[in-house]
Every structure is written in structure tokens, then in C-alpha cells.
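K.L.:
Structure file entry13.cif (mmCIF, C-alpha atoms and all ligand atoms) is given on the next line.
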data_structure
#
loop_
_atom_site.group_PDB
_atom_site.id
_atom_site.type_symbol
_atom_site.label_atom_id
_atom_site.label_comp_id
_atom_site.auth_asym_id
_atom_site.auth_seq_id
_atom_site.Cartn_x
_atom_site.Cartn_y
_atom_site.Cartn_z
ATOM 1 C CA MET B 365 38.282 121.353 -27.592
ATOM 2 C CA LEU B 366 34.786 120.677 -26.244
ATOM 3 C CA GLU B 367 34.448 121.978 -22.696
ATOM 4 C CA HIS B 368 31.477 121.373 -20.429
ATOM 5 C CA ILE B 369 30.011 124.640 -19.098
ATOM 6 C CA VAL B 370 26.796 123.863 -17.219
ATOM 7 C CA ASP B 371 23.924 121.348 -17.618
ATOM 8 C CA ASN B 372 24.100 120.114 -21.194
ATOM 9 C CA ILE B 373 25.876 123.151 -22.617
ATOM 10 C CA TYR B 374 29.382 122.890 -24.080
ATOM 11 C CA GLN B 375 31.885 125.453 -25.317
ATOM 12 C CA VAL B 376 33.750 124.744 -28.548
ATOM 13 C CA SER B 377 37.066 126.550 -28.159
ATOM 14 C CA PRO B 378 39.079 127.745 -31.152
ATOM 15 C CA GLY B 379 42.472 127.192 -29.491
ATOM 16 C CA LYS B 380 45.012 129.781 -28.389
ATOM 17 C CA ASN B 381 43.817 132.690 -30.504
ATOM 18 C CA THR B 382 40.219 133.652 -29.770
ATOM 19 C CA ILE B 383 40.001 137.039 -31.503
ATOM 20 C CA PHE B 384 38.622 137.474 -35.053
ATOM 21 C CA PRO B 385 38.881 135.529 -37.360
ATOM 22 C CA TYR B 386 38.768 132.900 -34.555
ATOM 23 C CA SER B 387 35.715 132.539 -32.318
ATOM 24 C CA PHE B 388 33.968 130.372 -29.762
ATOM 25 C CA CYS B 389 30.736 128.580 -30.546
ATOM 26 C CA PHE B 390 28.502 126.598 -28.192
ATOM 27 C CA TYR B 391 26.839 123.205 -28.383
ATOM 28 C CA ILE B 392 23.589 122.323 -26.602
ATOM 29 C CA ASP B 393 23.200 118.586 -26.171
ATOM 30 C CA ASP B 394 19.409 118.655 -25.729
ATOM 31 C CA GLU B 395 16.545 116.843 -27.498
ATOM 32 C CA ILE B 396 17.227 119.157 -30.444
ATOM 33 C CA LYS B 397 21.026 119.247 -30.782
ATOM 34 C CA THR B 398 21.809 122.911 -31.234
ATOM 35 C CA LEU B 399 24.848 124.972 -32.178
ATOM 36 C CA ILE B 400 24.945 128.637 -31.233
ATOM 37 C CA ASP B 401 27.029 130.123 -34.080
ATOM 38 C CA THR B 402 29.509 128.388 -36.387
ATOM 39 C CA PRO B 403 33.095 129.674 -36.825
ATOM 40 C CA ILE B 404 34.898 130.559 -40.064
ATOM 41 C CA PHE B 405 37.104 127.482 -40.001
ATOM 42 C CA PRO B 406 35.091 124.297 -40.682
ATOM 43 C CA ASP B 407 37.729 122.097 -39.006
ATOM 44 C CA PHE B 408 36.110 123.045 -35.657
ATOM 45 C CA VAL B 409 33.722 120.185 -36.394
ATOM 46 C CA LYS B 410 36.372 117.681 -35.234
ATOM 47 C CA HIS B 411 35.721 118.873 -31.666
ATOM 48 C CA LEU B 412 32.089 117.716 -31.931
ATOM 49 C CA GLU B 413 33.388 114.144 -32.336
ATOM 50 C CA GLY B 414 30.508 113.081 -34.537
ATOM 51 C CA ARG B 415 27.739 114.634 -32.406
ATOM 52 C CA LYS B 416 24.587 115.471 -34.330
ATOM 53 C CA VAL B 417 23.600 119.034 -35.199
ATOM 54 C CA ASP B 418 19.841 119.461 -35.756
ATOM 55 C CA ARG B 419 19.693 123.227 -35.431
ATOM 56 C CA ILE B 420 21.973 126.270 -35.722
ATOM 57 C CA ILE B 421 21.117 129.641 -34.209
ATOM 58 C CA ASN B 422 23.343 132.454 -35.521
ATOM 59 C CA THR B 423 23.775 135.547 -33.351
ATOM 60 C CA HIS B 424 24.655 137.610 -36.459
ATOM 61 C CA PHE B 425 25.935 137.550 -40.034
ATOM 62 C CA HIS B 426 29.698 137.962 -39.470
ATOM 63 C CA ARG B 427 31.727 135.104 -40.891
ATOM 64 C CA ASP B 428 33.221 134.185 -37.513
ATOM 65 C CA HIS B 429 29.647 133.435 -36.335
ATOM 66 C CA CYS B 430 28.020 131.741 -39.321
ATOM 67 C CA GLY B 431 30.958 130.847 -41.582
ATOM 68 C CA SER B 432 30.582 127.062 -41.304
ATOM 69 C CA ASN B 433 26.792 126.870 -41.617
ATOM 70 C CA TYR B 434 27.294 125.416 -45.091
ATOM 71 C CA ILE B 435 28.791 122.189 -43.760
ATOM 72 C CA PHE B 436 25.444 121.363 -42.086
ATOM 73 C CA PRO B 437 23.014 121.110 -45.024
ATOM 74 C CA GLU B 438 20.588 119.035 -42.933
ATOM 75 C CA ALA B 439 20.379 121.429 -39.977
ATOM 76 C CA GLU B 440 17.601 124.015 -39.616
ATOM 77 C CA ILE B 441 19.134 127.471 -39.364
ATOM 78 C CA PHE B 442 17.790 130.568 -37.607
ATOM 79 C CA ALA B 443 18.942 134.192 -37.832
ATOM 80 C CA HIS B 444 17.377 137.633 -37.457
ATOM 81 C CA ALA B 445 15.705 138.990 -40.623
ATOM 82 C CA GLU B 446 18.000 142.031 -40.748
ATOM 83 C CA ASP B 447 21.135 139.863 -40.877
ATOM 84 C CA ILE B 448 19.837 137.293 -43.370
ATOM 85 C CA PRO B 449 20.660 139.175 -46.655
ATOM 86 C CA PRO B 450 24.468 139.186 -46.085
ATOM 87 C CA MET B 451 24.300 135.490 -45.165
ATOM 88 C CA GLN B 452 22.725 134.727 -48.525
ATOM 89 C CA SER B 453 24.348 137.142 -50.967
ATOM 90 C CA ILE B 454 27.965 138.244 -51.176
ATOM 91 C CA GLU B 455 26.855 141.563 -52.765
ATOM 92 C CA SER B 456 24.731 142.279 -49.724
ATOM 93 C CA PHE B 457 27.645 141.221 -47.477
ATOM 94 C CA SER B 458 29.889 143.822 -49.167
ATOM 95 C CA LEU B 459 27.169 146.479 -48.922
ATOM 96 C CA TYR B 460 26.759 145.888 -45.170
ATOM 97 C CA TYR B 461 30.524 146.389 -44.754
ATOM 98 C CA GLY B 462 30.475 149.531 -46.918
ATOM 99 C CA PHE B 463 33.494 148.415 -48.956
ATOM 100 C CA GLU B 464 32.567 150.250 -52.149
ATOM 101 C CA LYS B 465 31.054 153.277 -50.398
ATOM 102 C CA TYR B 466 34.220 153.997 -48.396
ATOM 103 C CA GLY B 467 36.898 153.168 -50.967
ATOM 104 C CA GLY B 468 37.545 149.621 -49.801
ATOM 105 C CA SER B 469 36.899 147.673 -53.024
ATOM 106 C CA GLU B 470 40.511 146.451 -53.249
ATOM 107 C CA ILE B 471 40.469 145.452 -49.602
ATOM 108 C CA ALA B 472 37.270 143.488 -50.222
ATOM 109 C CA ALA B 473 38.818 141.733 -53.232
ATOM 110 C CA ALA B 474 41.723 140.562 -51.039
ATOM 111 C CA LEU B 475 39.594 139.715 -48.002
ATOM 112 C CA LEU B 476 36.620 137.861 -49.461
ATOM 113 C CA PRO B 477 38.504 134.784 -50.757
ATOM 114 C CA LYS B 478 40.276 134.447 -47.376
ATOM 115 C CA ILE B 479 37.086 134.330 -45.342
ATOM 116 C CA ASN B 480 35.607 131.656 -47.599
ATOM 117 C CA TRP B 481 32.198 133.332 -47.988
ATOM 118 C CA GLN B 482 29.528 130.698 -48.565
ATOM 119 C CA PRO B 483 25.774 131.249 -48.714
ATOM 120 C CA SER B 484 23.723 129.904 -45.832
ATOM 121 C CA HIS B 485 20.245 128.403 -46.042
ATOM 122 C CA ILE B 486 17.786 129.811 -43.508
ATOM 123 C CA ASN B 487 14.754 127.996 -42.112
ATOM 124 C CA GLY B 488 13.395 130.557 -39.678
ATOM 125 C CA GLU B 489 13.750 134.121 -38.417
ATOM 126 C CA LEU B 490 14.714 135.061 -34.876
ATOM 127 C CA LYS B 491 12.122 137.414 -33.404
ATOM 128 C CA GLU B 492 12.456 139.644 -30.329
ATOM 129 C CA GLY B 493 10.944 138.011 -27.245
ATOM 130 C CA GLU B 494 10.337 134.642 -28.887
ATOM 131 C CA ILE B 495 11.224 131.490 -26.933
ATOM 132 C CA ILE B 496 13.155 128.793 -28.793
ATOM 133 C CA SER B 497 13.006 125.448 -27.055
ATOM 134 C CA SER B 498 15.452 122.635 -27.680
ATOM 135 C CA GLY B 499 13.671 120.381 -25.144
ATOM 136 C CA LYS B 500 14.877 121.078 -21.643
ATOM 137 C CA ILE B 501 16.417 124.442 -22.469
ATOM 138 C CA ASN B 502 14.276 127.413 -23.439
ATOM 139 C CA LEU B 503 16.147 130.322 -24.971
ATOM 140 C CA LYS B 504 14.619 133.766 -25.194
ATOM 141 C CA VAL B 505 15.618 135.764 -28.266
ATOM 142 C CA ILE B 506 16.700 139.296 -27.470
ATOM 143 C CA HIS B 507 17.339 141.561 -30.431
ATOM 144 C CA THR B 508 20.492 143.575 -29.662
ATOM 145 C CA PRO B 509 21.274 145.637 -32.791
ATOM 146 C CA GLY B 510 24.263 147.946 -33.155
ATOM 147 C CA HIS B 511 27.220 145.671 -33.888
ATOM 148 C CA THR B 512 25.086 144.522 -36.826
ATOM 149 C CA PRO B 513 21.398 145.375 -37.451
ATOM 150 C CA GLY B 514 20.176 141.853 -36.694
ATOM 151 C CA HIS B 515 22.507 140.901 -33.825
ATOM 152 C CA CYS B 516 20.651 138.796 -31.253
ATOM 153 C CA VAL B 517 21.577 137.308 -27.902
ATOM 154 C CA LEU B 518 19.880 134.251 -26.393
ATOM 155 C CA PHE B 519 18.907 134.149 -22.744
ATOM 156 C CA TRP B 520 18.207 131.036 -20.668
ATOM 157 C CA GLU B 521 16.278 132.923 -18.010
ATOM 158 C CA GLU B 522 15.965 130.031 -15.549
ATOM 159 C CA LYS B 523 19.772 129.831 -15.194
ATOM 160 C CA GLY B 524 20.660 133.465 -15.917
ATOM 161 C CA LEU B 525 22.808 132.250 -18.804
ATOM 162 C CA LEU B 526 23.348 134.459 -21.828
ATOM 163 C CA PHE B 527 24.744 133.523 -25.246
ATOM 164 C CA ALA B 528 26.123 136.991 -26.019
ATOM 165 C CA GLY B 529 27.619 136.645 -29.537
ATOM 166 C CA ASP B 530 29.753 139.709 -30.205
ATOM 167 C CA ILE B 531 28.665 141.676 -27.168
ATOM 168 C CA ASP B 532 31.790 139.851 -26.232
ATOM 169 C CA LEU B 533 33.299 141.731 -23.251
ATOM 170 C CA THR B 534 36.772 141.831 -24.813
ATOM 171 C CA SER B 535 39.205 144.555 -23.739
ATOM 172 C CA PHE B 536 38.844 146.074 -27.230
ATOM 173 C CA GLY B 537 35.289 147.106 -26.381
ATOM 174 C CA PRO B 538 32.247 147.042 -28.665
ATOM 175 C CA TRP B 539 32.962 146.863 -32.404
ATOM 176 C CA TYR B 540 30.958 149.021 -34.839
ATOM 177 C CA GLY B 541 33.085 149.006 -37.990
ATOM 178 C CA ASN B 542 30.390 148.148 -40.545
ATOM 179 C CA ASP B 543 28.495 150.719 -42.591
ATOM 180 C CA VAL B 544 25.354 149.236 -41.006
ATOM 181 C CA SER B 545 26.749 149.391 -37.441
ATOM 182 C CA ASP B 546 25.178 151.940 -35.108
ATOM 183 C CA ILE B 547 26.723 153.203 -31.870
ATOM 184 C CA ASP B 548 23.495 154.518 -30.281
ATOM 185 C CA LEU B 549 21.876 151.122 -30.813
ATOM 186 C CA THR B 550 25.001 149.380 -29.454
ATOM 187 C CA ILE B 551 24.704 151.437 -26.252
ATOM 188 C CA LYS B 552 20.981 150.616 -25.911
ATOM 189 C CA SER B 553 21.643 146.923 -26.526
ATOM 190 C CA ILE B 554 24.378 146.708 -23.864
ATOM 191 C CA GLU B 555 22.098 148.537 -21.399
ATOM 192 C CA LYS B 556 19.341 146.039 -22.233
ATOM 193 C CA ILE B 557 21.742 143.197 -21.362
ATOM 194 C CA ILE B 558 22.829 144.872 -18.101
ATOM 195 C CA ASP B 559 19.118 144.977 -17.115
ATOM 196 C CA LEU B 560 18.832 141.229 -17.656
ATOM 197 C CA LYS B 561 21.441 140.693 -14.905
ATOM 198 C CA PRO B 562 22.979 137.617 -16.548
ATOM 199 C CA GLU B 563 25.022 135.433 -14.195
ATOM 200 C CA ILE B 564 26.919 133.540 -16.878
ATOM 201 C CA ILE B 565 27.920 135.124 -20.166
ATOM 202 C CA LEU B 566 29.029 132.972 -23.083
ATOM 203 C CA SER B 567 31.028 135.338 -25.290
ATOM 204 C CA GLY B 568 31.953 134.739 -28.915
ATOM 205 C CA HIS B 569 35.552 135.830 -28.265
ATOM 206 C CA ARG B 570 36.151 135.294 -24.554
ATOM 207 C CA GLY B 571 34.241 132.110 -23.923
ATOM 208 C CA THR B 572 32.624 131.605 -20.529
ATOM 209 C CA ILE B 573 32.508 134.476 -18.017
ATOM 210 C CA LYS B 574 31.034 133.625 -14.640
ATOM 211 C CA GLU B 575 32.247 136.448 -12.434
ATOM 212 C CA ASN B 576 31.525 140.182 -12.153
ATOM 213 C CA THR B 577 29.295 140.124 -15.229
ATOM 214 C CA GLU B 578 27.598 143.433 -14.386
ATOM 215 C CA LYS B 579 30.917 145.191 -13.773
ATOM 216 C CA GLU B 580 32.346 143.674 -16.959
ATOM 217 C CA LEU B 581 29.362 144.847 -19.036
ATOM 218 C CA LYS B 582 29.615 148.390 -17.672
ATOM 219 C CA LYS B 583 33.363 148.507 -18.298
ATOM 220 C CA TYR B 584 32.742 147.248 -21.835
ATOM 221 C CA LEU B 585 30.113 149.936 -22.466
ATOM 222 C CA ASP B 586 32.453 152.623 -21.084
ATOM 223 C CA LYS B 587 34.984 151.841 -23.846
ATOM 224 C CA ILE B 588 32.635 153.643 -26.256
ATOM 225 C CA TYR B 589 32.580 156.785 -24.133
ATOM 226 C CA LEU B 590 36.369 156.665 -23.606
ATOM 227 C CA LYS B 591 36.958 156.535 -27.372
ATOM 228 C CA GLU B 592 34.468 159.350 -27.836
ATOM 229 C CA GLU B 593 36.321 161.507 -25.297
ATOM 230 C CA ARG B 594 39.581 160.893 -27.152
ATOM 231 C CA ILE B 595 38.006 161.909 -30.456
ATOM 232 C CA LEU B 596 36.718 165.135 -28.889
ATOM 233 C CA LYS B 597 40.133 165.807 -27.349
ATOM 234 C CA ALA B 598 41.785 165.278 -30.758
ATOM 235 C CA LEU B 599 39.377 167.808 -32.223
ATOM 236 C CA ASP B 600 40.779 170.565 -30.003
ATOM 237 C CA THR B 601 42.449 171.221 -33.351
ATOM 238 C CA PRO B 602 40.036 170.627 -36.303
ATOM 239 C CA LYS B 603 40.973 167.524 -38.277
ATOM 240 C CA THR B 604 40.181 165.758 -41.523
ATOM 241 C CA LEU B 605 38.950 162.174 -41.415
ATOM 242 C CA GLU B 606 42.385 161.038 -42.695
ATOM 243 C CA GLU B 607 44.128 162.832 -39.836
ATOM 244 C CA LEU B 608 41.799 161.184 -37.335
ATOM 245 C CA ILE B 609 42.420 157.728 -38.858
ATOM 246 C CA GLU B 610 46.176 158.196 -38.319
ATOM 247 C CA LEU B 611 45.594 158.622 -34.573
ATOM 248 C CA LYS B 612 44.181 155.041 -34.385
ATOM 249 C CA ILE B 613 41.805 156.070 -31.597
ATOM 250 C CA VAL B 614 39.492 153.075 -32.103
ATOM 251 C CA TYR B 615 42.085 150.342 -32.739
ATOM 252 C CA GLY B 616 45.182 151.587 -30.924
ATOM 253 C CA ARG B 617 47.292 149.772 -33.504
ATOM 254 C CA PHE B 618 46.548 148.150 -36.849
ATOM 255 C CA LYS B 619 47.137 144.419 -37.182
ATOM 256 C CA LYS B 620 48.029 142.966 -40.596
ATOM 257 C CA PRO B 621 46.736 143.521 -43.223
ATOM 258 C CA GLU B 622 47.016 147.135 -42.097
ATOM 259 C CA ASN B 623 44.802 148.537 -44.866
ATOM 260 C CA LEU B 624 41.923 146.344 -43.652
ATOM 261 C CA TYR B 625 42.206 147.628 -40.090
ATOM 262 C CA ALA B 626 42.642 151.212 -41.319
ATOM 263 C CA PHE B 627 39.389 150.675 -43.231
ATOM 264 C CA PHE B 628 37.595 149.455 -40.090
ATOM 265 C CA GLU B 629 39.099 152.401 -38.172
ATOM 266 C CA LYS B 630 37.629 154.729 -40.792
ATOM 267 C CA VAL B 631 34.120 153.261 -40.704
ATOM 268 C CA SER B 632 34.165 153.075 -36.877
ATOM 269 C CA LEU B 633 35.258 156.734 -36.680
ATOM 270 C CA LEU B 634 32.516 157.742 -39.120
ATOM 271 C CA ASN B 635 29.985 156.013 -36.867
ATOM 272 C CA HIS B 636 31.373 157.899 -33.847
ATOM 273 C CA LEU B 637 31.329 161.216 -35.755
ATOM 274 C CA LYS B 638 27.746 160.603 -36.940
ATOM 275 C CA ARG B 639 26.686 160.227 -33.294
ATOM 276 C CA LEU B 640 28.766 163.219 -32.086
ATOM 277 C CA ILE B 641 27.260 165.443 -34.799
ATOM 278 C CA LYS B 642 23.757 164.278 -33.762
ATOM 279 C CA LEU B 643 24.605 165.165 -30.145
ATOM 280 C CA ASN B 644 25.736 168.654 -31.326
ATOM 281 C CA LEU B 645 29.236 167.994 -29.978
ATOM 282 C CA VAL B 646 30.949 168.067 -33.390
ATOM 283 C CA THR B 647 30.382 169.949 -36.634
ATOM 284 C CA TYR B 648 31.760 169.294 -40.104
ATOM 285 C CA HIS B 649 32.730 172.034 -42.518
ATOM 286 C CA GLU B 650 35.425 172.831 -45.072
ATOM 287 C CA GLY B 651 36.555 169.213 -45.073
ATOM 288 C CA LYS B 652 37.321 169.106 -41.342
ATOM 289 C CA TYR B 653 35.623 167.976 -38.157
ATOM 290 C CA HIS B 654 35.416 170.655 -35.469
ATOM 291 C CA LYS B 655 34.520 170.507 -31.792
ATOM 292 C CA ALA B 656 31.195 172.392 -31.485
HETATM 293 ZN ZN ZN T 701 30.600 140.267 -35.226
HETATM 294 ZN ZN ZN T 702 32.926 137.928 -33.751
#
Once you've parsed the file, please lay out its structure as C-alpha cells.

P.N.:
Amino acid sequence: MLEHIVDNIYQVSPGKNTIFPYSFCFYIDDEIKTLIDTPIFPDFVKHLEGRKVDRIINTHFHRDHCGSNYIFPEAEIFAHAEDIPPMQSIESFSLYYGFEKYGGSEIAAALLPKINWQPSHINGELKEGEIISSGKINLKVIHTPGHTPGHCVLFWEEKGLLFAGDIDLTSFGPWYGNDVSDIDLTIKSIEKIIDLKPEIILSGHRGTIKENTEKELKKYLDKIYLKEERILKALDTPKTLEELIELKIVYGRFKKPENLYAFFEKVSLLNHLKRLIKLNLVTYHEGKYHKA
């Protein structure tokens, strides 16, 4: 479904389910016809009803945000330099996820065919502070690493409208389940967005949010600290990584396939523990994590 948001901006909705692997993307019907992100499933194109696509701007390398780039061979495509390698090589994609490093090779072998990984051509790099004009609309590129190293949001300053990618304001909270994800950077990036005071947020998994954006962003950021508190509480008794995974502190429950979500739980926990060790709140010895 193509829904009008404001001016010449449209939301392409995935249907009932909006959480990964489904996602929203956005169409700008300006002089340069622009898509912000492309979903995994190429059948989304039916919603465009034959509208032209001259340009694609990808917020980051995840398949639910650039997965259908390949069906637009004529479009010029932009992404941040740090997220380009996994859009062009499947080896790099696997490295960014940390599949081999964290014992997830079998999971990768089952997952990769399902997400239909296809290489994407790239015509230009997104650079912090740069303005990308499509005619009437001028979008400012804001580099917001953490979720992925090259995650960017796009801000139409004049209207206070933000294309937020996967700083998505879902009740799950920020996601940092890649080997290349970084929680400190995620925190800084969300704070950077709060400072922008966006009035309208176009989220990759919630669509258009027009109310209480500041409160929503703060609540979203707090999810990180809440999970951190629960990890520290769990470490009242020292635990191995495996014992922590079983508590499902990050995910709450594992969807199917469970081994995939257990893998993401593991990498997310490792990113939390990395930060907690740096903050001198946790130590690691004799195979267990201890509260410092
Ligand atoms: Zn993502
Ligand atoms: Zn996403």
C-alpha cells in the first residue's frame, strides 16, 4: 500500500507484519524520484504502480533495507562507505554478522538463501552533513552508527521530518546483534537524533510517527539501560555466556528459527558485556562474568 505522508512523500507499507524481515520504505515523488530503502521482498514494487525510481538512498546494509536494490539496475544508489562492503560481497556480509566468529556458520548456511542476498551497485557514498537534493526536498545526511557502522538517517530540516531507518522506535528497543554493532555508538546516535528535535519520524519498522517523538526516542534509548540493569542483576551470581543466553534478557523470547535468535541474543549480550567491562561494572574470569 502506498500511503501519502506529507508533501510529496509516501510510505510503502509491508502489510500486517512490519517487523524483520518485513519493513517500511518511503517514496519521494520529487524531480528526482527517490526511494529511501528497499525491502527484502521485491514484490513491494507493485505498490509503486509503475512510478519511476531514479535514486535509492539506503539507511544501512541490512537486507530489510537494501534487499531489493537489485531490481533497479538503472537507479543511482547511495549508502555510507562503512556499510557498502556487505552490500557488495556476501563474505563481508557474513563477517559483519560474525557468523563464523561466534559459531553461527550453520545458521548462516540456513539463513542466507532465505534472505535472497544479492549484490548492490553503488553510485555514491553518504557523507555526514552532506545535503542530498531531489529538487524541492533537501535531505541532510546524519551518520548514526551503532546498529551498523554506516547507519545513516536523513533529515528534512525545513519540515522537521526524519527518515530514521532502524532507529525505529519499536517496543523491542535498539538492536545491536551484529559483530560490528556498538552500543556506545548507538547511545550517541540516538542522543544526536533527540537533539535534532524531529517532529515526524519515518521508521523502518513502525512507519510514520507524528506524536511525542522526543518522549518516544527517550523511551527507546532507555531500553538499552533497562537491559543492562537486568544483566547486572543476573550477575549477582557469576554466570557463563551460555547461562546468560538462556535468560533471554535481550529478546525476551526467541522466535523461530530459535537458533538464529539465540545467536543474535549471544552477539547482543557480548556487545552489552563489552560495554559493561569498559565501564568497570563487570569483569570476566575463569569462564564467567562477574559483577565488579
Ligand atoms: Zn537494521
Ligand atoms: Zn530493519

K.L.:
Let me see if you get this right: every residue at most 9 Å from ligand ZN 701 (chain T), counting all atoms listed in the file, written as a ChimeraX atom specification.

P.N.:
/B:384,423-429,511-512,515,529-531,539-540,568

K.L.:
Show me, as a PyMOL selection string, the residues that have an atom within 9 Å of range 400-415 of chain B when counting only C-alpha atoms, minus same-chain residues fewer than 2 positions from it.

P.N.:
chain B and resi 365-366+376-378+385-393+397-398+417+419-424+427-433+435+479-481+518+527+529+568

K.L.:
Give me, as a PyMOL selection string, all polymer residues having an atom no more than 10 Å from range 613-615 of chain B, counting only C-alpha atoms and skipping those fewer than 3 positions away in the same chain.

P.N.:
chain B and resi 536-537+539-541+587-588+590-595+598+608-610+618-619+625-626+628-630+632-633+636

K.L.:
Please list as a ChimeraX atom specification every residue within 12 Å of Glu575 in chain B, counting only C-alpha atoms and excluding residues in the same chain fewer than 4 positions away.

P.N.:
/B:561-566,579-581

K.L.:
Would you list the contacts of range 466-472 of chain B as a PyMOL selection string, taking every protein, DNA or RNA residue within 9 Å and counting all atoms listed in the file, but skipping same-chain residues closer than 4 positions in sequence?

P.N.:
chain B and resi 458+462+476-477+543+623-624+627+630-631

K.L.:
Kindly give the distance, in Å, that separates CA of Lys655 in chain B and CA of Leu599 in chain B, rounded to a single decimal.

P.N.:
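Atom-to-atom, CA of Lys655 in chain B and CA of Leu599 in chain B are spaced 5.6 Å apart.
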
K.L.:
Could you tell me which residues the PyMOL selection byres (((chain B and resi 439) around 6) and not hetatm) grabs in this file, written as a list of chain:residue names?

P.N.:
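Applied to this file, the PyMOL selection byres (((chain B and resi 439) around 6) and not hetatm) selects B:Asp418, B:Arg419, B:Phe436, B:Pro437, B:Glu438, B:Glu440.
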
K.L.:
So that I can see what lies close to Gly488 in chain B, please list as a list in words the residues with an atom at most 8 Å from it, counting all atoms listed in the file and leaving out residues fewer than 2 positions away in the same chain.

P.N.:
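The filter keeps Glu440, Ile441, Phe442, Ala443, Ile486 and Leu490 of chain B.
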
K.L.:
Could you check the closest approach to ligand ZN 702 (chain T) for each of B:Asn487, B:Thr601, B:Asn576, B:Ser567 and tell me which residue wins, using all atoms listed in the file?

P.N.:
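Closest to ligand ZN 702 (chain T) of all the choices is B:Ser567.
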
K.L.:
Around the point (21.7, 140.4, -20.0), in the coordinates given by the file, pick out the residues reaching within 9 Å, counting all atoms listed in the file, and return them as a list in words.

P.N.:
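Residues with an atom close enough to that point: Val517, Phe519, Gly524, Leu525, Leu526, Ala528, Ile554, Glu555, Lys556, Ile557, Ile558, Asp559, Leu560, Lys561, Pro562, Glu563, Ile565, Thr577, Glu578 and Leu581 of chain B.
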
K.L.:
Given the choices B:Asp394, B:Pro621, B:Ile448, B:Asp600, which gets closest to Ser497 in chain B if the distance is worked out from all atoms listed in the file?

P.N.:
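That would be B:Asp394, the residue with the smallest distance to Ser497 in chain B.
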